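As stored in data03.txt (compact mmCIF, C-alpha atoms):
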```txt
# COMPACT_ATOMS: atom_id res chain seq x y z
CA MET W 20 30.74 -43.03 0.96
CA ASN W 21 28.29 -40.73 2.60
CA PRO W 22 28.34 -37.43 0.75
CA PHE W 23 26.54 -35.65 3.56
CA VAL W 24 29.12 -36.28 6.22
CA THR W 25 29.89 -33.13 8.15
CA ARG W 26 33.55 -32.45 7.94
CA ILE W 27 34.33 -30.33 10.90
CA ASN W 28 37.00 -27.90 9.87
CA LYS W 29 36.74 -24.41 11.18
CA GLN W 30 36.46 -21.80 8.48
CA SER W 31 35.70 -18.18 9.06
CA TRP W 32 32.14 -17.48 8.05
CA VAL W 33 32.24 -13.72 8.32
CA LEU W 34 33.87 -12.89 4.99
CA PRO W 35 31.83 -15.20 2.71
CA VAL W 36 28.61 -14.19 4.45
CA SER W 37 29.56 -10.55 4.06
CA SER W 38 30.25 -10.91 0.37
CA MET W 39 26.92 -12.62 -0.22
CA CYS W 40 25.25 -9.95 1.91
CA LEU W 41 26.64 -7.44 -0.58
CA VAL W 42 24.87 -9.30 -3.37
CA LEU W 43 21.68 -9.60 -1.31
CA GLY W 44 21.70 -5.90 -0.53
CA PHE W 45 22.00 -5.20 -4.24
CA MET W 46 19.11 -7.56 -5.01
CA ILE W 47 16.85 -6.13 -2.31
CA SER W 48 17.51 -2.66 -3.59
CA MET W 49 16.50 -3.76 -7.10
CA ALA W 50 13.37 -5.51 -5.81
CA TRP W 51 12.33 -2.60 -3.61
CA VAL W 52 8.97 -1.07 -4.47
CA THR W 53 9.58 2.49 -5.56
CA GLN W 54 7.31 5.25 -6.76
CA SER W 55 7.87 4.21 -10.37
CA THR W 56 7.20 0.49 -9.87
CA ARG W 57 4.41 0.74 -7.29
CA SER W 58 1.47 0.57 -9.65
CA SER W 59 2.84 -2.31 -11.72
CA ARG W 60 3.76 -4.31 -8.62
CA GLN W 61 0.49 -3.62 -6.84
CA ASN W 62 -1.45 -5.52 -9.49
CA TYR W 63 0.02 -8.77 -8.21
CA LEU W 64 -1.22 -8.32 -4.66
CA PRO W 65 -4.41 -9.85 -3.36
CA LEU W 66 -7.14 -7.33 -2.65
CA ASP W 67 -6.81 -7.20 1.14
CA GLN W 68 -3.06 -6.68 1.03
CA ARG W 69 -3.41 -4.03 -1.62
CA GLN W 70 -5.66 -2.12 0.72
CA ARG W 71 -3.22 -2.43 3.63
CA VAL W 72 -0.46 -1.14 1.37
CA ASN W 73 -2.63 1.78 0.32
CA ASP W 74 -3.46 2.64 3.91
CA LEU W 75 0.22 2.53 4.85
CA ASN W 76 1.38 4.79 2.07
CA GLY W 77 -0.77 7.66 3.23
CA ASP W 78 -1.37 8.89 -0.31
CA GLN W 79 -4.84 10.02 0.67
CA GLU W 80 -3.39 12.77 2.79
CA ALA W 81 -1.35 14.09 -0.12
CA VAL W 82 -4.43 13.98 -2.35
CA GLN W 83 -6.37 15.92 0.25
CA LYS W 84 -3.67 18.54 0.51
CA MET W 85 -3.42 18.94 -3.24
CA SER W 86 -7.21 19.20 -3.59
CA THR W 87 -7.32 22.18 -1.24
CA GLU W 88 -4.46 23.69 -3.22
CA ILE W 89 -6.39 23.23 -6.47
CA ALA W 90 -9.52 24.72 -4.95
CA LYS W 91 -7.55 27.77 -3.88
CA LEU W 92 -5.98 28.20 -7.30
CA GLN W 93 -9.31 27.84 -9.05
CA SER W 94 -11.00 30.52 -6.96
CA GLU W 95 -7.98 32.73 -7.57
CA LYS W 96 -8.32 32.14 -11.31
CA THR W 97 -12.02 33.06 -11.22
CA ARG W 98 -11.19 36.25 -9.35
CA LEU W 99 -8.56 37.20 -11.94
CA GLU W 100 -10.92 36.48 -14.81
CA LYS W 101 -13.52 38.72 -13.25
CA ALA W 102 -10.98 41.48 -12.68
CA LEU W 103 -9.94 41.26 -16.31
CA SER W 104 -13.53 41.53 -17.53
CA ASN W 105 -14.10 44.77 -15.65
CA HIS W 106 -12.04 46.65 -18.22
CA ASP W 107 -14.30 46.56 -21.25
CA GLY W 108 -17.57 45.15 -22.45
CA GLU W 109 -16.25 42.60 -24.91
CA SER W 110 -14.20 40.68 -22.43
CA LYS W 111 -17.11 40.92 -20.03
CA VAL W 112 -19.27 38.99 -22.48
CA LEU W 113 -16.51 36.43 -22.93
CA ASN W 114 -16.09 36.06 -19.22
CA ASP W 115 -19.81 35.66 -18.64
CA SER W 116 -19.95 32.75 -21.03
CA LEU W 117 -16.78 31.33 -19.47
CA GLN W 118 -18.25 31.51 -15.98
CA GLU W 119 -21.46 29.91 -17.28
CA LEU W 120 -19.47 27.01 -18.70
CA LYS W 121 -17.48 26.63 -15.50
CA VAL W 122 -20.66 26.32 -13.48
CA PHE W 123 -21.94 23.74 -15.93
CA ALA W 124 -18.69 21.78 -15.80
CA GLY W 125 -18.70 21.81 -12.01
CA MET W 126 -15.54 23.90 -11.73
CA THR W 127 -17.05 26.42 -9.31
CA PRO W 128 -18.83 25.98 -5.98
CA VAL W 129 -22.60 26.30 -6.34
CA VAL W 130 -25.38 27.13 -3.87
CA GLY W 131 -29.06 26.39 -4.08
CA PRO W 132 -31.96 24.35 -2.72
CA GLY W 133 -31.96 20.59 -2.99
CA VAL W 134 -31.89 17.34 -1.10
CA ILE W 135 -29.44 15.40 1.04
CA VAL W 136 -29.44 11.62 0.75
CA THR W 137 -27.53 9.78 3.46
CA LEU W 138 -26.67 6.13 2.97
CA ARG W 139 -25.18 4.18 5.85
CA ASP W 140 -24.33 0.56 6.52
CA SER W 141 -27.06 -1.29 8.31
CA PRO W 142 -26.26 -1.82 12.01
CA LYS W 143 -28.72 -4.69 12.06
CA TYR W 144 -26.27 -7.25 10.71
CA ALA W 145 -23.00 -5.72 11.86
CA GLY W 146 -20.63 -7.81 13.93
CA THR W 147 -22.47 -11.05 13.38
CA GLY W 148 -19.55 -12.61 11.56
CA LEU W 149 -16.05 -13.67 12.49
CA GLY W 150 -14.35 -10.38 11.73
CA ASN W 151 -15.82 -6.99 11.16
CA ASN W 152 -16.95 -7.81 7.66
CA LEU W 153 -16.80 -11.55 7.37
CA GLY W 154 -20.15 -13.19 7.49
CA VAL W 155 -22.09 -9.94 7.37
CA SER W 156 -24.79 -10.03 4.76
CA PRO W 157 -23.34 -8.19 1.75
CA ASP W 158 -26.62 -6.34 1.35
CA ALA W 159 -26.12 -4.67 4.72
CA THR W 160 -23.26 -2.49 3.50
CA ILE W 161 -23.41 0.44 1.12
CA HIS W 162 -21.55 -0.42 -2.06
CA ASP W 163 -20.16 1.67 -4.84
CA VAL W 164 -23.01 0.44 -7.01
CA ASP W 165 -25.61 1.76 -4.56
CA THR W 166 -23.92 5.14 -4.54
CA LEU W 167 -23.64 5.13 -8.30
CA LYS W 168 -27.32 4.28 -8.73
CA VAL W 169 -28.42 7.04 -6.35
CA VAL W 170 -26.23 9.61 -8.13
CA ASN W 171 -27.58 8.48 -11.48
CA GLU W 172 -31.15 8.68 -10.21
CA LEU W 173 -30.59 12.17 -8.78
CA ILE W 174 -29.24 13.48 -12.09
CA ALA W 175 -32.10 11.80 -13.94
CA ALA W 176 -34.53 13.50 -11.56
CA GLY W 177 -33.19 16.90 -12.55
CA ALA W 178 -30.39 17.57 -10.11
CA GLU W 179 -28.14 20.29 -11.50
CA ALA W 180 -25.15 19.56 -9.30
CA VAL W 181 -24.29 16.52 -7.18
CA SER W 182 -21.59 15.85 -4.63
CA VAL W 183 -20.69 12.68 -2.74
CA ASN W 184 -19.11 13.27 0.69
CA ASN W 185 -18.11 16.75 -0.50
CA HIS W 186 -16.52 15.49 -3.70
CA ARG W 187 -18.24 17.10 -6.65
CA ILE W 188 -19.50 14.83 -9.40
CA ALA W 189 -18.39 16.35 -12.71
CA GLY W 190 -17.82 15.27 -16.30
CA ASN W 191 -15.02 12.81 -15.67
CA SER W 192 -15.89 11.71 -12.16
CA SER W 193 -15.75 8.06 -11.27
CA LEU W 194 -17.19 5.97 -8.48
CA ARG W 195 -15.73 2.60 -7.76
CA CYS W 196 -14.90 0.27 -4.91
CA VAL W 197 -11.50 -0.76 -3.60
CA GLY W 198 -11.64 -3.42 -0.94
CA ASN W 199 -14.36 -2.29 1.40
CA THR W 200 -14.20 1.44 0.76
CA ILE W 201 -15.52 3.58 -2.07
CA LEU W 202 -13.40 5.83 -4.24
CA VAL W 203 -14.98 9.06 -5.44
CA ASN W 204 -12.81 10.86 -7.99
CA ASP W 205 -10.01 8.52 -6.79
CA VAL W 206 -10.34 9.72 -3.18
CA LYS W 207 -11.32 7.23 -0.52
CA ILE W 208 -14.52 7.96 1.38
CA ALA W 209 -15.98 6.31 4.44
CA SER W 210 -19.53 5.40 5.38
CA PRO W 211 -21.92 7.15 5.86
CA VAL W 212 -22.16 8.32 2.27
CA VAL W 213 -23.71 11.79 2.13
CA ILE W 214 -24.96 12.69 -1.33
CA ARG W 215 -26.01 16.30 -1.84
CA ALA W 216 -27.90 17.44 -4.90
CA ILE W 217 -29.05 20.88 -6.01
CA GLY W 218 -32.33 21.06 -7.86
CA ASP W 219 -36.07 21.31 -7.24
CA PRO W 220 -36.46 19.54 -3.86
CA ASN W 221 -40.05 18.44 -4.47
CA THR W 222 -39.35 16.87 -7.85
CA ILE W 223 -36.25 15.09 -6.64
CA MET W 224 -37.92 13.87 -3.44
CA GLY W 225 -40.77 12.47 -5.48
CA ALA W 226 -38.49 10.75 -7.95
CA MET W 227 -36.25 9.27 -5.26
CA ASN W 228 -39.11 7.90 -3.17
CA MET W 229 -40.70 6.21 -6.15
CA PRO W 230 -41.81 2.66 -5.32
CA GLY W 231 -39.46 0.13 -6.84
CA GLY W 232 -36.80 2.82 -7.19
CA VAL W 233 -33.21 2.59 -6.10
CA LEU W 234 -33.85 3.80 -2.54
CA ALA W 235 -36.78 1.41 -2.12
CA GLU W 236 -34.44 -1.39 -3.09
CA ILE W 237 -32.00 -0.51 -0.31
CA ARG W 238 -34.83 0.06 2.18
CA GLN W 239 -35.90 -3.55 1.68
CA THR W 240 -32.80 -4.68 3.55
CA ASP W 241 -33.11 -2.12 6.32
CA PRO W 242 -35.13 1.13 6.20
CA ASN W 243 -32.55 2.82 8.42
CA MET W 244 -29.91 2.60 5.72
CA VAL W 245 -31.46 5.47 3.76
CA GLN W 246 -32.24 8.96 4.93
CA ILE W 247 -33.45 11.69 2.60
CA GLU W 248 -34.28 15.28 3.43
CA ALA W 249 -35.00 18.45 1.51
CA VAL W 250 -32.94 21.56 2.27
CA LYS W 251 -33.61 25.20 1.44
CA ASN W 252 -30.02 26.15 0.79
CA GLN W 253 -26.72 24.30 0.61
CA GLU W 254 -23.31 24.77 -0.92
CA LEU W 255 -21.54 22.20 -3.06
CA PRO W 256 -17.77 22.38 -3.55
CA GLU W 257 -16.13 22.60 -6.96
CA PHE W 258 -14.60 19.64 -8.75
CA VAL W 259 -10.95 19.36 -7.73
CA GLY W 260 -9.99 16.18 -9.53
CA ASN W 261 -7.66 15.82 -12.44
CA THR W 262 -8.45 18.09 -15.39
CA THR W 263 -5.40 17.44 -17.56
CA ARG W 264 -6.02 15.87 -20.94
CA LYS W 265 -3.60 13.90 -23.05
CA PHE W 266 -5.64 12.56 -25.93
CA ALA W 267 -8.94 14.36 -26.33
CA LYS W 268 -8.89 17.57 -28.35
CA PRO W 269 -11.53 19.31 -30.43
CA PRO W 270 -11.53 18.46 -34.16
CA LYS W 271 -9.69 20.94 -36.36
CA ASP W 272 -12.59 22.20 -38.49
CA THR W 273 -14.69 23.49 -35.57
CA LYS W 274 -14.00 27.03 -34.58
CA MET U 28 33.87 -7.88 12.79
CA THR U 29 30.49 -9.49 13.39
CA PHE U 30 28.75 -6.42 12.04
CA LEU U 31 30.51 -6.73 8.71
CA PRO U 32 27.61 -8.62 7.01
CA ILE U 33 25.12 -5.92 8.01
CA LEU U 34 27.51 -3.27 6.76
CA ALA U 35 27.91 -5.18 3.51
CA LEU U 36 24.12 -5.41 3.13
CA PHE U 37 23.81 -1.65 3.23
CA LEU U 38 26.85 -1.24 1.02
CA GLY U 39 25.25 -3.48 -1.63
CA ALA U 40 22.09 -1.40 -1.53
CA MET U 41 24.18 1.76 -1.78
CA ILE U 42 25.98 0.43 -4.85
CA ALA U 43 22.67 -0.31 -6.57
CA LEU U 44 21.43 3.17 -5.69
CA ALA U 45 24.67 4.79 -6.79
CA MET U 46 24.52 3.00 -10.16
CA LYS U 47 21.08 4.55 -10.60
CA LEU U 48 19.62 1.23 -11.71
CA PRO U 49 15.85 1.43 -12.05
CA ALA U 50 13.87 -0.83 -9.71
CA ILE U 51 12.39 -3.78 -11.55
CA PRO U 52 8.68 -3.33 -12.28
CA GLY U 53 5.85 -5.82 -12.57
CA ALA U 54 6.04 -9.59 -12.31
CA TYR U 55 9.83 -9.80 -12.49
CA GLY U 56 10.04 -7.48 -9.50
CA GLN U 57 7.86 -9.94 -7.61
CA TYR U 58 10.10 -12.86 -8.59
CA LEU U 59 13.20 -10.95 -7.54
CA ALA U 60 11.56 -10.11 -4.22
CA VAL U 61 10.93 -13.77 -3.49
CA ALA U 62 14.50 -14.55 -4.59
CA CYS U 63 15.68 -12.00 -2.00
CA LEU U 64 13.79 -14.02 0.60
CA ALA U 65 15.73 -17.12 -0.45
CA GLY U 66 18.99 -15.16 -0.31
CA PHE U 67 18.21 -13.91 3.17
CA ASP U 68 17.45 -17.45 4.31
CA THR U 69 20.79 -18.69 2.99
CA ILE U 70 22.60 -15.86 4.78
CA CYS U 71 20.86 -16.81 8.02
CA GLY U 72 21.78 -20.44 7.41
CA GLY U 73 25.39 -19.43 6.86
CA VAL U 74 25.55 -17.46 10.08
CA ARG U 75 23.96 -20.36 11.93
CA ALA U 76 26.48 -22.83 10.47
CA GLY U 77 29.26 -20.43 11.45
CA LEU U 78 28.03 -20.37 15.04
CA GLU U 79 27.78 -24.17 14.99
CA ASP U 80 31.37 -24.37 13.68
CA LYS U 81 30.08 -26.23 10.63
CA PHE U 82 30.56 -23.45 8.10
CA ARG U 83 31.99 -24.33 4.69
CA THR U 84 32.51 -21.61 2.14
CA ASP U 85 31.84 -23.73 -0.95
CA VAL U 86 28.54 -25.06 0.41
CA PHE U 87 27.47 -21.58 1.41
CA ILE U 88 28.27 -19.83 -1.88
CA THR U 89 26.71 -22.53 -4.06
CA GLY U 90 23.73 -22.66 -1.70
CA PHE U 91 23.20 -18.92 -1.99
CA VAL U 92 23.35 -18.85 -5.77
CA SER U 93 21.22 -21.95 -6.30
CA ASN U 94 18.59 -20.97 -3.71
CA VAL U 95 18.18 -17.55 -5.28
CA LEU U 96 17.90 -18.96 -8.79
CA ILE U 97 15.54 -21.76 -7.72
CA ALA U 98 13.27 -19.33 -5.88
CA PHE U 99 13.17 -17.02 -8.89
CA PHE U 100 12.47 -19.71 -11.43
CA LEU U 101 10.02 -21.64 -9.28
CA ALA U 102 7.95 -18.49 -8.86
CA TRP U 103 8.19 -17.86 -12.60
CA LEU U 104 7.32 -21.47 -13.40
CA GLY U 105 4.29 -21.32 -11.14
CA ASP U 106 2.92 -18.43 -13.16
CA GLU U 107 3.63 -20.31 -16.39
CA ILE U 108 1.68 -23.39 -15.32
CA TYR U 109 -0.99 -21.54 -13.26
CA ILE U 110 -0.03 -22.91 -9.86
CA ASN U 111 0.74 -20.46 -7.12
CA LEU U 112 4.31 -21.63 -6.50
CA PHE U 113 5.17 -18.05 -5.59
CA LEU U 114 3.31 -18.53 -2.32
CA VAL U 115 5.00 -21.89 -1.79
CA VAL U 116 8.46 -20.35 -2.14
CA ALA U 117 7.53 -17.48 0.16
CA LEU U 118 6.11 -19.89 2.73
CA VAL U 119 9.07 -22.29 2.70
CA PHE U 120 11.74 -19.62 2.91
CA GLY U 121 9.73 -17.62 5.43
CA THR U 122 9.55 -20.67 7.68
CA ARG U 123 13.24 -21.39 7.26
CA ILE U 124 14.18 -17.80 8.09
CA PHE U 125 12.21 -18.10 11.33
CA THR U 126 13.91 -21.38 12.22
CA ASN U 127 17.38 -20.12 11.40
CA LEU U 128 16.93 -16.85 13.26
CA SER U 129 15.61 -18.60 16.36
CA LEU U 130 18.58 -20.99 16.34
CA ILE U 131 21.01 -18.07 15.90
CA ARG U 132 19.35 -16.38 18.85
CA ARG U 133 19.77 -19.47 21.00
CA TYR U 134 23.46 -19.86 20.14
CA VAL U 135 24.21 -16.22 20.80
CA LEU U 136 22.25 -16.26 24.04
CA THR U 137 23.99 -19.41 25.25
CA LYS U 138 27.41 -18.02 24.37
CA TRP U 139 26.68 -14.80 26.20
CA GLN U 140 25.37 -16.62 29.28
CA ASP U 141 28.37 -18.95 29.29
CA ALA U 142 30.74 -16.00 29.16
CA HIS U 143 28.85 -14.39 32.02
CA ALA U 144 28.93 -17.53 34.12
CA ARG U 145 32.63 -18.00 33.46
CA LYS U 146 33.36 -14.45 34.57
CA ARG U 147 31.35 -14.95 37.79
CA LEU U 148 33.07 -18.22 38.60
CA GLN U 149 36.48 -16.70 37.97
CA ALA U 150 35.65 -13.81 40.29
CA GLN U 151 34.52 -16.28 42.94
CA ALA U 152 37.70 -18.30 42.59
CA GLN U 153 39.74 -15.11 42.84
CA ALA U 154 37.91 -14.17 46.05
CA VAL U 155 38.52 -17.59 47.57
CA VAL U 156 42.23 -17.44 46.69
CA SER U 157 42.75 -13.93 48.10
CA SER U 158 40.83 -14.66 51.34
CA GLN U 159 43.14 -17.57 52.22
CA PRO U 160 46.19 -16.70 54.28
CA GLU U 161 49.56 -16.81 52.62
CA PRO U 162 51.06 -20.27 53.19
CA ASN U 163 54.53 -18.83 53.94
CA SER U 164 53.59 -16.41 56.67
```

In structure tokens, what does this structure look like?
Amino acid sequence: MNPFVTRINKQSWVLPVSSMCLVLGFMISMAWVTQSTRSSRQNYLPLDQRQRVNDLNGDQEAVQKMSTEIAKLQSEKTRLEKALSNHDGESKVLNDSLQELKVFAGMTPVVGPGVIVTLRDSPKYAGTGLGNNLGVSPDATIHDVDTLKVVNELIAAGAEAVSVNNHRIAGNSSLRCVGNTILVNDVKIASPVVIRAIGDPNTIMGAMNMPGGVLAEIRQTDPNMVQIEAVKNQELPEFVGNTTRKFAKPPKDTK
Amino acid sequence: MTFLPILALFLGAMIALAMKLPAIPGAYGQYLAVACLAGFDTICGGVRAGLEDKFRTDVFITGFVSNVLIAFFLAWLGDEIYINLFLVVALVFGTRIFTNLSLIRRYVLTKWQDAHARKRLQAQAQAVVSSQPEPNS
């Protein structure tokens, strides 16, 4: 006997299908990616899809909005601190040291002379591959590592404050790559990468143009990828990344 | 009547939301997502069988349950033995969904066109009948 014979007897399909649809709807709702499960689910995606998902979610916009909010609050806080210190001498001393520390920690905007280093992807090799990026020599693009090396070199050369595409580099800044973009303080930036540093322009220029240095390395691929200029005066924004701490606290015996 | 499955789909989602069940995180969320794909394919298959007048409730219900479980456990097994069976399940059920949906579209389109043609022919016949003189006059 053939078990696969089609017995043609008309049964209504609407009710069984509906009942299973109920179950499916329940399942889909459980499998839906929500705010709470996004990060744990994202780890299972391949890199290119992860980037598409990130672009779709538009989180960058929210980050941008919150950064401006933080900047506003921080300047307001500085203003209040200053107002408080006007009352008597003691709190003025306290506030002076507070403001000094804030400048050091990168929590205030700073102005001064310095240099601007601009790194851009080399146009020489662009579009030679199948897609926009495929087949292009990997050396022809600016990577997170290049940016990191330049920032490191600038600080080593005596830069007192550094920013990358107007994101201030502070104590707990990070630079890393996601797909083919760079994250600075967890905010996505696009090429060209503009690195501003405040410090003695002559010293920094000399250190950066050192033969065999980090810029020379990039210039080997294409000299047009690097541009460095000294400026008399520029303003760097304050650090607006996350400043909350969960684990680190000063030891008890220090006062 | 035909919109009942779609209504039920939303109702199921509503029930899950109303019960305030947390969405499933991590790897098991991925497995459940691929199981949903299998469930959706079975639903499409059921609708298609219904349109073909070949629908049988027992086959459909067992098919739904087993497809969902197989999809879930195949994806899980693939991660246990380091073979990307997750992609295989997604590929197979994705293909089947496309096939089923295109067949459903054809049946519905044909039915609609047939109904249209029947209406036109009836109207024509009516016109012919009314234009003829009454035989008794």

With a distance threshold of 10 Å and counting only C-alpha atoms, extract the residues of chain U near chain W and express them as a PyMOL selection string. chain U and resi 28-44+48-67+69-85+87-88+91-92+95

Of the candidates W:Val212, W:Val136, W:Val259, W:Ala249, which one gets nearest to Val82 (chain W) if we count all atoms listed in the file? W:Val259

What separation in Å, quoted to one decimal, exists between CA of Arg215 (chain W) and CA of Ile201 (chain W)?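 CA of Ile201 (chain W) lies at a distance of 16.5 Å from CA of Arg215 (chain W).
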
Contacts of Ala176 (chain W) at 8 Å or less, counting all atoms listed in the file, minus same-chain residues fewer than 3 places along, as a short mmCIF file (atom, residue, chain, number, x, y, z; two decimals) with C-alpha atoms, in the frame of the given file?
```cif
data_model
loop_
_atom_site.label_atom_id
_atom_site.label_comp_id
_atom_site.auth_asym_id
_atom_site.auth_seq_id
_atom_site.Cartn_x
_atom_site.Cartn_y
_atom_site.Cartn_z
CA GLU W 172 -31.15 8.68 -10.21
CA LEU W 173 -30.59 12.17 -8.78
CA THR W 222 -39.35 16.87 -7.85
CA ILE W 223 -36.25 15.09 -6.64
CA ALA W 226 -38.49 10.75 -7.95
CA MET W 227 -36.25 9.27 -5.26
#
```

Separation of CA of Leu255 (chain W) and CA of Thr127 (chain W), in Å?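 These two atoms are separated by 8.8 Å.
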
Write out as a PyMOL selection string the residues lying within 6 Å of region 115-126 of chain W, counting all atoms listed in the file and excluding same-chain residues fewer than 3 positions away. chain W and resi 112+189+257-258

Let me make sure I understand: among U:Leu101, U:Leu130, U:Ile124, U:Val135, which one has the smallest atom-to-atom distance to Asp68 (chain U) if we use all atoms listed in the file?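 Of all the options, U:Ile124 lies closest to Asp68 (chain U).
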
Write out as lines of an AutoDock Vina configuration file an axis-aligned box for region 115-119 of chain U: all of its atoms listed in the file, 8 Å added on each side, centre and edge lengths in Å with one decimal.
```
center_x = 7.0
center_y = -19.9
center_z = 0.3
size_x = 20.1
size_y = 20.8
size_z = 20.9
```
